[in-house]
>>> print(open('start_37.cif').read())   # mmCIF, C-alpha atoms
data_data
#
loop_
_atom_site.label_atom_id
_atom_site.label_comp_id
_atom_site.auth_asym_id
_atom_site.auth_seq_id
_atom_site.Cartn_x
_atom_site.Cartn_y
_atom_site.Cartn_z
CA MET J 17 0.00 0.00 0.00
CA LYS J 18 1.33 3.42 -0.90
CA GLN J 19 1.93 5.64 2.10
CA GLY J 20 0.52 8.83 0.66
CA TYR J 21 0.78 11.21 3.55
CA GLU J 22 4.40 12.37 3.59
CA LYS J 23 3.56 15.93 2.67
CA ARG J 24 1.18 16.68 5.47
CA SER J 25 1.19 20.35 6.23
CA GLY J 26 2.85 21.50 9.40
CA GLU J 27 2.56 18.37 11.47
CA ASP J 28 5.49 16.25 12.41
CA LEU J 29 3.96 12.84 12.74
CA LYS J 30 5.80 9.62 13.12
CA LYS J 31 5.57 7.35 10.16
CA PRO J 32 3.76 4.21 11.16
CA THR J 33 6.14 2.08 9.16
CA THR J 34 5.26 -1.14 10.92
CA ILE J 35 1.53 -0.92 10.33
CA LEU J 36 1.42 -3.48 7.61
CA GLN J 37 3.30 -6.11 9.51
CA GLN J 38 1.19 -5.60 12.58
CA GLU J 39 -2.13 -5.07 10.91
CA ALA J 40 -3.49 -8.50 11.61
CA LEU J 41 -2.96 -7.99 15.31
CA ILE J 42 -4.47 -4.55 15.66
CA ASP J 43 -7.68 -4.18 17.61
CA TRP J 44 -9.37 -1.42 15.67
CA SER J 45 -12.01 -0.97 18.34
CA ASP J 46 -9.35 -0.11 20.92
CA LEU J 47 -7.74 2.27 18.48
CA LEU J 48 -11.01 4.02 17.74
CA SER J 49 -11.73 4.37 21.47
CA ILE J 50 -8.28 5.88 22.01
CA LEU J 51 -8.82 8.23 19.09
CA ALA J 52 -11.96 9.51 20.77
CA LEU J 53 -9.97 10.42 23.87
CA LYS J 54 -6.70 11.60 22.42
CA ARG J 55 -7.67 13.06 19.05
CA GLU J 56 -4.28 12.13 17.60
CA LYS J 57 -3.91 12.42 13.86
CA GLU J 58 -1.36 9.67 13.84
CA LEU J 59 -3.96 7.23 15.11
CA TYR J 60 -6.48 8.59 12.69
CA ILE J 61 -4.13 7.97 9.77
CA GLN J 62 -3.69 4.39 10.89
CA ILE J 63 -7.46 3.90 10.94
CA TYR J 64 -7.75 5.64 7.59
CA GLN J 65 -5.23 3.38 5.94
CA HIS J 66 -7.04 0.30 7.04
CA PHE J 67 -10.64 1.37 6.52
CA ALA J 68 -10.69 3.99 3.74
CA PRO J 69 -9.95 1.49 0.92
CA LYS J 70 -12.62 -0.87 2.29
CA ILE J 71 -15.17 1.91 2.66
CA LYS J 72 -14.53 2.91 -0.93
CA ALA J 73 -14.85 -0.70 -2.08
CA TYR J 74 -18.19 -0.97 -0.28
CA ILE J 75 -19.50 2.22 -1.87
CA ILE J 76 -18.43 1.06 -5.32
CA ARG J 77 -20.30 -2.20 -4.77
CA LEU J 78 -23.42 -0.20 -3.98
CA GLY J 79 -23.14 1.03 -7.57
CA MET J 80 -21.41 4.39 -7.24
CA VAL J 81 -18.84 5.64 -9.74
CA ASN J 82 -15.23 6.09 -8.69
CA THR J 83 -15.28 9.84 -8.03
CA THR J 84 -18.47 9.64 -5.99
CA ALA J 85 -17.15 6.68 -4.03
CA GLU J 86 -13.99 8.65 -3.26
CA GLU J 87 -16.02 11.63 -2.11
CA LEU J 88 -18.35 9.58 0.07
CA MET J 89 -15.37 7.72 1.52
CA GLN J 90 -13.93 11.10 2.53
CA GLU J 91 -17.21 12.16 4.08
CA THR J 92 -17.41 8.89 5.99
CA MET J 93 -13.84 9.23 7.26
CA LEU J 94 -14.55 12.81 8.27
CA SER J 95 -17.48 11.52 10.34
CA VAL J 96 -15.15 9.01 11.96
CA TRP J 97 -13.05 11.92 13.20
CA HIS J 98 -15.94 14.12 14.27
CA LYS J 99 -18.12 11.41 15.79
CA ALA J 100 -15.45 9.29 17.43
CA HIS J 101 -16.63 10.49 20.85
CA LEU J 102 -19.95 8.72 20.22
CA TYR J 103 -18.25 5.39 19.63
CA ASP J 104 -18.89 2.80 22.33
CA ALA J 105 -16.73 -0.29 22.06
CA SER J 106 -19.09 -2.28 24.28
CA LYS J 107 -21.83 -1.91 21.66
CA ALA J 108 -20.01 -2.58 18.42
CA VAL J 109 -16.61 -3.30 16.99
CA ALA J 110 -15.01 -0.55 14.93
CA SER J 111 -15.88 -2.09 11.58
CA THR J 112 -19.58 -2.23 12.47
CA TRP J 113 -19.63 1.39 13.59
CA ILE J 114 -17.78 2.54 10.49
CA PHE J 115 -20.03 0.41 8.27
CA ARG J 116 -22.99 2.25 9.72
CA LEU J 117 -21.50 5.65 8.97
CA ALA J 118 -20.63 4.59 5.42
CA ARG J 119 -24.08 3.08 4.88
CA ASN J 120 -25.87 6.24 5.97
CA LYS J 121 -23.65 8.55 3.92
CA SER J 122 -24.11 6.39 0.81
CA ILE J 123 -27.83 5.93 1.06
CA ASP J 124 -28.48 9.57 1.87
CA TRP J 125 -26.51 10.53 -1.20
CA MET J 126 -27.93 7.85 -3.50
CA ARG J 127 -31.54 8.53 -2.72
CA LYS J 128 -31.25 12.23 -1.93
CA GLN J 129 -33.09 11.53 1.28
CA LYS J 130 -32.21 10.76 4.84
CA TYR J 131 -32.15 7.11 5.88
CA PRO J 132 -34.17 6.99 9.08
CA ASP J 133 -31.80 6.06 11.83
CA TYR J 134 -32.18 5.52 15.50
CA SER J 135 -29.79 8.31 16.39
CA LEU J 136 -26.14 7.76 17.25
CA GLN J 137 -26.95 9.47 20.51
CA ASP J 138 -28.89 6.40 21.50
CA TRP J 139 -25.62 4.61 21.86
CA LEU J 140 -24.89 6.62 24.95
CA GLU J 141 -28.06 5.61 26.68
CA GLU J 142 -28.44 3.04 29.36
CA PRO J 143 -26.84 -0.23 28.39
CA ALA J 144 -29.37 -2.89 27.57
CA GLU J 145 -28.34 -6.36 28.62
CA ASN J 146 -24.95 -7.31 27.43
CA ASN J 147 -25.49 -8.58 23.97
CA ASN J 148 -23.11 -11.35 23.27
CA CYS J 149 -23.50 -11.27 19.57
CA GLY J 150 -19.96 -12.60 19.54
CA GLU J 151 -18.21 -9.77 17.82
CA GLN J 152 -14.62 -9.76 18.83
CA LEU J 153 -11.47 -9.03 17.00
CA ILE J 154 -12.36 -9.52 13.39
CA THR J 155 -9.94 -10.59 10.79
CA SER J 156 -10.82 -10.02 7.21
CA ASP J 157 -11.01 -13.65 6.25
CA ARG J 158 -13.44 -14.51 9.01
CA MET J 159 -16.61 -13.30 7.32
CA ALA J 160 -15.58 -15.06 4.15
CA LYS J 161 -15.29 -18.30 6.12
CA ILE J 162 -18.66 -17.76 7.73
CA ILE J 163 -20.35 -16.98 4.43
CA LYS J 164 -18.83 -20.15 3.00
CA GLN J 165 -20.59 -22.14 5.68
CA LEU J 166 -23.94 -20.87 4.44
CA PRO J 167 -25.83 -22.54 1.63
CA GLU J 168 -25.18 -20.56 -1.54
CA LYS J 169 -28.74 -19.28 -1.78
CA GLN J 170 -28.55 -17.84 1.72
CA GLY J 171 -25.20 -16.15 1.13
CA GLN J 172 -26.61 -14.64 -2.03
CA VAL J 173 -29.50 -12.83 -0.33
CA ILE J 174 -27.16 -11.49 2.35
CA TYR J 175 -24.83 -10.12 -0.34
CA MET J 176 -27.74 -8.65 -2.29
CA SER J 177 -28.97 -6.90 0.85
CA PHE J 178 -25.70 -5.55 2.20
CA TYR J 179 -23.59 -5.05 -0.91
CA GLU J 180 -26.27 -4.09 -3.41
CA GLY J 181 -28.77 -2.48 -1.07
CA ARG J 182 -31.72 -4.36 -2.56
CA SER J 183 -35.04 -4.57 -0.73
CA HIS J 184 -36.90 -7.87 -0.24
CA VAL J 185 -39.27 -7.03 -3.08
CA GLU J 186 -36.40 -6.23 -5.44
CA ILE J 187 -34.57 -9.43 -4.55
CA ALA J 188 -37.75 -11.45 -5.13
CA ALA J 189 -38.20 -9.89 -8.56
CA ARG J 190 -34.57 -10.35 -9.48
CA LEU J 191 -34.35 -13.97 -8.44
CA GLY J 192 -37.85 -14.75 -9.66
CA ILE J 193 -38.89 -16.29 -6.34
CA PRO J 194 -41.75 -15.43 -3.96
CA LEU J 195 -41.24 -12.73 -1.33
CA GLY J 196 -41.74 -15.32 1.39
CA SER J 197 -38.80 -17.35 0.09
CA VAL J 198 -36.54 -14.30 0.09
CA LYS J 199 -37.45 -13.58 3.68
CA SER J 200 -36.98 -17.11 4.90
CA ARG J 201 -33.57 -17.32 3.22
CA ILE J 202 -32.50 -14.05 4.85
CA ARG J 203 -33.85 -15.18 8.22
CA LEU J 204 -32.01 -18.49 8.07
CA ALA J 205 -28.78 -16.87 6.94
CA SER J 206 -28.82 -14.20 9.63
CA GLN J 207 -29.66 -16.66 12.38
CA LYS J 208 -26.93 -18.97 11.23
CA ILE J 209 -24.30 -16.22 11.15
CA LYS J 210 -25.23 -15.15 14.67
CA MET J 211 -25.16 -18.76 15.80
CA ILE J 212 -21.65 -19.21 14.43
CA TRP J 213 -20.52 -16.06 16.29
CA LYS J 214 -21.93 -17.36 19.53
CA ASP J 215 -20.21 -20.69 19.08
CA GLU J 216 -16.91 -18.96 18.47
CA VAL J 217 -17.03 -16.93 21.66
CA MET O 4 -42.57 -0.12 27.92
CA ASN O 5 -43.85 -3.63 27.65
CA ILE O 6 -43.34 -4.66 24.05
CA ASN O 7 -44.47 -8.08 22.90
CA HIS O 8 -44.35 -7.90 19.12
CA HIS O 9 -40.97 -7.41 17.51
CA LEU O 10 -39.33 -7.10 14.11
CA ASP O 11 -38.96 -10.08 11.83
CA GLU O 12 -35.31 -11.13 11.46
CA ALA O 13 -35.54 -10.58 7.70
CA THR O 14 -36.77 -7.01 8.28
CA LEU O 15 -33.86 -6.32 10.63
CA VAL O 16 -31.36 -7.52 8.04
CA SER O 17 -32.88 -5.36 5.34
CA TYR O 18 -32.84 -2.34 7.64
CA ALA O 19 -29.27 -2.93 8.83
CA ALA O 20 -28.13 -3.36 5.24
CA GLY O 21 -29.62 0.00 4.29
CA ALA O 22 -31.79 -1.82 1.79
CA MET O 23 -35.19 -0.41 2.74
CA SER O 24 -37.24 2.39 1.31
CA GLN O 25 -37.31 5.49 3.48
CA SER O 26 -40.90 4.82 4.52
CA MET O 27 -40.24 1.26 5.69
CA ALA O 28 -36.97 2.23 7.39
CA LEU O 29 -38.79 4.98 9.27
CA VAL O 30 -41.13 2.50 10.94
CA VAL O 31 -38.23 0.21 11.79
CA ALA O 32 -36.15 3.06 13.24
CA CYS O 33 -39.13 4.19 15.34
CA HIS O 34 -39.67 0.71 16.75
CA ILE O 35 -35.96 0.35 17.51
CA SER O 36 -35.96 3.63 19.37
CA MET O 37 -38.78 2.29 21.56
CA CYS O 38 -37.65 -1.31 21.97
CA ASN O 39 -34.49 -2.40 23.80
CA VAL O 40 -34.79 -5.95 22.55
CA CYS O 41 -34.74 -4.97 18.89
CA ARG O 42 -32.05 -2.37 19.54
CA ASP O 43 -29.75 -5.15 20.69
CA ARG O 44 -30.79 -7.25 17.74
CA VAL O 45 -30.01 -4.47 15.28
CA TYR O 46 -26.53 -4.05 16.77
CA SER O 47 -25.73 -7.66 16.10
CA THR O 48 -27.28 -7.48 12.63
CA GLU O 49 -25.29 -4.40 11.72
CA ALA O 50 -22.26 -6.41 12.77
CA ILE O 51 -22.87 -8.53 9.66
CA GLY O 52 -22.35 -5.32 7.68
CA GLY O 53 -19.20 -4.59 9.67
CA MET O 54 -17.79 -7.98 8.91
CA LEU O 55 -18.68 -7.71 5.24
CA LEU O 56 -16.98 -4.32 5.13
CA GLU O 57 -13.92 -5.81 6.76
CA SER O 58 -13.81 -8.66 4.29
CA LEU O 59 -13.82 -6.48 1.15
CA GLU O 60 -10.80 -6.23 -1.11
CA PRO O 61 -9.42 -2.72 -0.61
CA ALA O 62 -10.12 -0.31 -3.47
CA ALA O 63 -7.43 2.03 -4.78
CA ILE O 64 -7.57 5.45 -3.19
CA SER O 65 -6.31 8.57 -4.92
CA GLU O 66 -2.95 9.71 -3.61
CA ASP O 67 -3.95 13.11 -2.36
CA ALA O 68 -7.07 11.86 -0.60
CA LEU O 69 -5.48 11.62 2.81
CA ASN O 70 -3.90 15.06 2.62
CA LYS O 71 -7.19 16.58 1.57
CA LEU O 72 -8.89 14.86 4.43
CA LEU O 73 -6.29 15.88 7.00
CA ALA O 74 -6.65 19.46 5.87
CA ARG O 75 -10.36 19.27 6.66
CA LEU O 76 -10.09 17.71 10.10
CA ASP O 77 -9.66 20.98 11.93
CA GLU O 78 -12.59 22.60 10.21
CA GLU O 79 -15.51 23.14 12.48
CA PRO O 80 -17.82 20.22 11.95
CA ILE O 81 -21.18 21.22 10.63
CA VAL O 82 -23.11 20.38 13.71
CA GLN O 83 -26.32 18.88 12.57
CA VAL O 84 -28.15 18.19 15.72
CA SER O 85 -31.15 16.59 14.14
CA LYS O 86 -34.54 17.78 15.20
CA ALA O 87 -35.00 14.33 16.58
CA GLU O 88 -32.06 14.66 18.93
CA GLU O 89 -33.07 18.12 20.04
CA ARG O 90 -36.47 17.00 21.06
CA LEU O 91 -35.49 13.63 22.38
CA SER O 92 -36.24 14.33 26.01
CA SER O 93 -39.38 16.36 25.59
CA THR O 94 -41.23 13.89 23.45
CA GLU O 95 -41.22 10.65 25.28
CA GLN O 96 -44.40 11.28 27.15
CA ASP O 97 -46.19 11.97 23.92
CA ASN O 98 -44.95 8.76 22.32
CA VAL O 99 -43.60 10.34 19.19
CA PRO O 100 -40.47 8.30 18.55
CA ALA O 101 -37.44 10.43 17.72
CA PRO O 102 -37.07 9.38 14.05
CA LEU O 103 -40.69 10.37 13.38
CA ASN O 104 -40.14 13.83 14.88
CA ASP O 105 -38.40 14.91 11.71
CA PHE O 106 -41.62 14.34 9.80
CA ILE O 107 -44.49 15.28 12.09
CA GLY O 108 -43.06 17.34 14.94
CA ASN O 109 -43.31 16.27 18.52
CA SER O 110 -46.99 15.89 19.17
CA LEU O 111 -49.62 13.40 18.08
CA ASN O 112 -52.24 15.96 19.04
CA GLU O 113 -51.39 18.49 16.35
CA ILE O 114 -51.75 16.40 13.24
CA ASN O 115 -53.77 17.63 10.34
CA TRP O 116 -55.91 14.52 9.93
CA LYS O 117 -58.00 13.75 6.89
CA SER O 118 -61.06 11.59 7.10
CA ILE O 119 -61.62 8.62 4.77
CA LEU O 120 -64.42 6.67 6.38
CA PRO O 121 -66.38 7.31 9.57
CA GLY O 122 -63.99 6.72 12.46
CA ILE O 123 -60.93 6.41 10.25
CA HIS O 124 -58.49 9.25 9.70
CA TYR O 125 -55.15 9.35 7.98
CA TYR O 126 -52.18 11.61 7.50
CA ASP O 127 -49.69 11.03 4.70
CA ILE O 128 -46.07 11.33 5.71
CA SER O 129 -43.73 12.98 3.24
CA CYS O 130 -41.53 9.96 3.10
CA LYS O 131 -40.37 8.18 -0.02
CA THR O 132 -42.03 4.88 -0.79
CA GLU O 133 -41.36 2.21 -3.37
CA PHE O 134 -43.49 -0.01 -5.59
CA GLY O 135 -46.75 1.77 -4.87
CA GLY O 136 -46.36 1.51 -1.12
CA VAL O 137 -47.68 3.97 1.44
CA SER O 138 -46.26 5.87 4.38
CA ARG O 139 -48.90 7.22 6.72
CA LEU O 140 -50.36 7.67 10.13
CA LEU O 141 -53.79 6.20 10.77
CA ARG O 142 -56.14 7.19 13.55
CA ILE O 143 -58.94 4.77 14.13
CA SER O 144 -61.79 5.03 16.60
CA PRO O 145 -62.60 2.33 19.15
CA GLY O 146 -64.67 -0.50 17.74
CA LYS O 147 -63.67 0.30 14.18
CA SER O 148 -61.56 -1.98 12.14
CA MET O 149 -59.33 -1.55 9.18
CA LEU O 150 -60.59 -3.25 6.07
CA LEU O 151 -59.81 -6.92 5.59
CA HIS O 152 -56.73 -7.08 3.46
CA SER O 153 -53.72 -9.12 2.52
CA HIS O 154 -50.44 -8.02 1.04
CA GLU O 155 -48.40 -8.29 -2.09
CA GLY O 156 -45.37 -7.11 -0.19
CA ASN O 157 -44.42 -6.23 3.36
CA GLU O 158 -46.48 -4.17 5.75
CA LEU O 159 -45.15 -2.62 8.94
CA THR O 160 -47.52 -1.18 11.54
CA LEU O 161 -46.24 0.45 14.71
CA ILE O 162 -48.70 1.32 17.47
CA LEU O 163 -48.13 4.83 18.87
CA ARG O 164 -51.30 5.15 20.96
CA GLY O 165 -54.14 2.84 21.95
CA SER O 166 -54.29 -0.78 20.87
CA ILE O 167 -55.56 -3.12 18.19
CA THR O 168 -56.31 -6.81 17.97
CA ASP O 169 -56.16 -8.93 14.88
CA GLU O 170 -55.73 -12.55 13.86
CA VAL O 171 -52.12 -12.43 15.05
CA GLY O 172 -52.74 -11.07 18.54
CA ARG O 173 -53.08 -7.87 20.55
CA PHE O 174 -50.85 -4.90 19.81
CA THR O 175 -50.22 -2.06 22.24
CA VAL O 176 -47.91 0.98 22.24
CA GLY O 177 -44.47 0.13 20.88
CA ASP O 178 -45.58 -3.18 19.37
CA ILE O 179 -44.91 -3.70 15.70
CA ALA O 180 -46.91 -5.87 13.33
CA ASP O 181 -44.42 -7.05 10.74
CA LEU O 182 -46.48 -8.85 8.12
CA ASP O 183 -46.18 -10.11 4.59
CA SER O 184 -48.15 -11.78 1.87
CA ASP O 185 -48.76 -14.90 3.92
CA ILE O 186 -51.11 -13.04 6.22
CA GLU O 187 -54.64 -11.86 5.70
CA HIS O 188 -55.90 -9.73 8.53
CA GLN O 189 -58.44 -7.23 9.76
CA PRO O 190 -57.16 -5.24 12.73
CA LEU O 191 -59.80 -4.03 15.20
CA VAL O 192 -59.35 -1.15 17.65
CA ASP O 193 -60.16 -2.80 20.94
CA GLY O 194 -59.60 -0.16 23.63
CA ASP O 195 -61.66 2.88 24.54
CA GLU O 196 -59.36 5.46 22.97
CA ASP O 197 -58.44 6.14 19.36
CA CYS O 198 -55.62 4.02 18.08
CA ILE O 199 -52.86 5.88 16.27
CA CYS O 200 -50.40 3.85 14.25
CA LEU O 201 -47.61 4.43 11.78
CA VAL O 202 -47.93 2.26 8.68
CA ALA O 203 -45.66 1.58 5.74
CA THR O 204 -46.03 -0.87 2.89
CA ASP O 205 -43.78 -1.65 -0.05
CA ALA O 206 -46.58 -2.75 -2.36
CA PRO O 207 -50.28 -1.99 -2.66
CA LEU O 208 -52.55 -4.00 -0.37
CA LYS O 209 -55.11 -6.42 -1.72
CA PHE O 210 -58.60 -5.95 -0.35
CA LYS O 211 -61.11 -8.74 0.00
CA THR O 212 -64.33 -6.82 0.14
CA LEU O 213 -66.14 -4.75 -2.43
CA LEU O 214 -65.98 -1.70 -0.18
CA GLY O 215 -62.25 -2.12 0.10
CA LYS O 216 -61.90 -2.38 -3.64
CA ILE O 217 -63.91 0.82 -4.07
CA VAL O 218 -62.12 2.73 -1.33
CA GLN O 219 -58.62 1.58 -2.17
CA PRO O 220 -58.08 3.81 -5.19
CA ILE O 221 -58.98 6.79 -3.01
CA THR O 222 -57.06 5.82 0.09
CA GLY O 223 -54.36 3.56 -1.21
CA PHE O 224 -54.94 1.63 1.93
#
>>> encode(input="start_37.cif", output="structure tokens")
Amino acid sequence: MKQGYEKRSGEDLKKPTTILQQEALIDWSDLLSILALKREKELYIQIYQHFAPKIKAYIIRLGMVNTTAEELMQETMLSVWHKAHLYDASKAVASTWIFRLARNKSIDWMRKQKYPDYSLQDWLEEPAENNNCGEQLITSDRMAKIIKQLPEKQGQVIYMSFYEGRSHVEIAARLGIPLGSVKSRIRLASQKIKMIWKDEV
Amino acid sequence: MNINHHLDEATLVSYAAGAMSQSMALVVACHISMCNVCRDRVYSTEAIGGMLLESLEPAAISEDALNKLLARLDEEPIVQVSKAEERLSSTEQDNVPAPLNDFIGNSLNEINWKSILPGIHYYDISCKTEFGGVSRLLRISPGKSMLLHSHEGNELTLILRGSITDEVGRFTVGDIADLDSDIEHQPLVDGDEDCICLVATDAPLKFKTLLGKIVQPITGF
């Protein structure tokens, strides 16, 4: 990966030369929590280098052209900086929180309308019971492994929902199957993924 | 709040994925803001999105992107305290869930209702729908029922005041009826106060009775 930040204006930041070697061991949730407290650009750059290319890839999969994807990636990463204080590691791992920011930015832009969200502020409210959805340190191959454990038809509807942003009705039309079948496939897939997480805890 | 009827798992996935129309997502967001159980469930469903994000092959980023971004970090953020957040504390007693605030304000008592049938009022929400669906508030008097109907698509109904009973069970404030084409039902307002509910569909409903077929083109519901 090209380290494209040598010419930063004014700031004398250490070069995180060992990032790549250590990447697999980094707990991004810890890093994001520390960023919220310390506001250090060095940390931010580390988070950027890991997540920005993935955020852009996600936005491209939603069907956006390169320049738009780049712009929305920037907006998402800007939110990471400005909203870091709202991040609560007990509620979600970093990738989930960042996914949510990227999702909202993309959908708002795509549809020129606000995606109704239970506000980020809610995250600061009283903790509900500890949800052991089994999110811990996530490595990038883990989801791929989990998806592989699903029957192909179930993986497909999960991809169509998350990567293509298609509603149940759209998926039904596209696959030429009844709405009820789409929903039961999604249900089974989601329950199975959550089951696998629980087993891995 | 004692909530007994929750979101279907498939609905949660669609919401978490960002795959819903604005009108459907509004009902889901409102229920989540009222229901701790579904709030926990949505966290773990959004985690699927997080893991999918994490598993993507990185895309190439333009070289000056980081510098541009760093230059913007110290800008004052445009603080967009949403109307919903502003009013969060003041509205709970009136049972207008925060996400709905953006569309109707903070009171169920100041809605500009329109009448369709005796005892049945509606208010269309300026929310985008898909495939001929609707996004509206309904206010129904005690003893009245909605017309017998079934669905082509999904229908979400969130109770904001009062209660209804239908073939599925009894629904009180905060409960959501998350139904699809497998269900034919005729909800009846069973309490002694008007029932107000937020409804969204992603396809036109199918009515069973002649009256329904006559009224539908006018009401869409």
>>> closest_residue(input="start_37.cif", among="O:Gln189, O:Ser138, O:Ser24, O:Ser148", to="O:Leu201", atoms="all atoms listed in the file")
O:Ser138
>>> atom_distance(input="start_37.cif", atom1="atom CA of O:Cys38", atom2="atom CA of O:Asn7")
9.7 Å
>>> closest_atom_pairs(input="start_37.cif", of="chain J", to="chain O", cutoff="6 Å", atoms="all atoms listed in the file", output="CSV")
residue,atom,partner,partner_atom,distance
J:Gly20,CA,O:Glu66,CA,5.6
J:Pro69,CA,O:Pro61,CA,4.5
J:Lys70,CA,O:Pro61,CA,4.7
J:Ala73,CA,O:Ala62,CA,4.9
J:Ser111,CA,O:Gly53,CA,4.6
J:Thr112,CA,O:Gly53,CA,3.7
J:Phe115,CA,O:Gly53,CA,5.3
J:Tyr131,CA,O:Gln25,CA,5.9
J:Pro132,CA,O:Leu29,CA,5.0
J:Asp133,CA,O:Ala32,CA,5.5
J:Tyr134,CA,O:Ala32,CA,5.2
J:Cys149,CA,O:Ser47,CA,5.5
J:Ser156,CA,O:Ser58,CA,4.4
J:Met159,CA,O:Met54,CA,5.7
J:Ser177,CA,O:Ala20,CA,5.7
J:Phe178,CA,O:Ala20,CA,4.5
J:Gly181,CA,O:Ala22,CA,4.2
J:Arg182,CA,O:Ala22,CA,5.0
J:Ser183,CA,O:Ala22,CA,4.9
J:Lys199,CA,O:Ala13,CA,5.4
J:Ile202,CA,O:Ala13,CA,5.4
J:Arg203,CA,O:Ala13,CA,4.9
>>> residues_around(input="start_37.cif", residues="stretch 108-120 of chain O", least_positions_apart="4", cutoff="6 Å", atoms="all atoms listed in the file", output="count of residues only")
6
>>> atom_distance(input="start_37.cif", atom1="atom CA of J:Gly192", atom2="atom CA of J:Met80")
25.3 Å
>>> atom_distance(input="start_37.cif", atom1="atom CA of O:Ala203", atom2="atom CA of O:Leu140")
8.9 Å
>>> residues_around(input="start_37.cif", residues="O:Thr168", least_positions_apart="6", cutoff="12 Å", atoms="only C-alpha atoms", output="ChimeraX atom specification")
/O:145-149,162,174-175,178,180,188-194,198
>>> residues_near_point(input="start_37.cif", point="(-10.6, 10.9, 21.5)", cutoff="12 Å", atoms="only C-alpha atoms", output="PyMOL selection string")
chain J and resi 46-57+59-60+96-104
>>> closest_residue(input="start_37.cif", among="J:Ile162, J:Lys107, J:Glu180, J:Ile187", to="J:Gln207", atoms="only C-alpha atoms")
J:Ile162
>>> closest_residue(input="start_37.cif", among="O:Ile199, O:Leu159, O:Leu141, O:Leu182", to="O:Asp127", atoms="only C-alpha atoms")
O:Leu141
>>> resolve_selection(input="start_37.cif", expression="the PyMOL selection byres ((chain J and resi 79) around 12)", output="ChimeraX atom specification")
/J:72-78,80-85,122-123,125-126,176,179-182
>>> resolve_selection(input="start_37.cif", expression="the PyMOL selection byres ((chain J and resi 195) around 8)", output="ChimeraX atom specification")
/J:184-185,188,193-194,196-199 /O:156,184
>>> write_last_selection(input="start_37.cif", atoms="C-alpha atoms", output="short mmCIF file (atom, residue, chain, number, x, y, z; two decimals), in the frame of the given file")
data_model
loop_
_atom_site.label_atom_id
_atom_site.label_comp_id
_atom_site.auth_asym_id
_atom_site.auth_seq_id
_atom_site.Cartn_x
_atom_site.Cartn_y
_atom_site.Cartn_z
CA HIS J 184 -36.90 -7.87 -0.24
CA VAL J 185 -39.27 -7.03 -3.08
CA ALA J 188 -37.75 -11.45 -5.13
CA ILE J 193 -38.89 -16.29 -6.34
CA PRO J 194 -41.75 -15.43 -3.96
CA GLY J 196 -41.74 -15.32 1.39
CA SER J 197 -38.80 -17.35 0.09
CA VAL J 198 -36.54 -14.30 0.09
CA LYS J 199 -37.45 -13.58 3.68
CA GLY O 156 -45.37 -7.11 -0.19
CA SER O 184 -48.15 -11.78 1.87
#
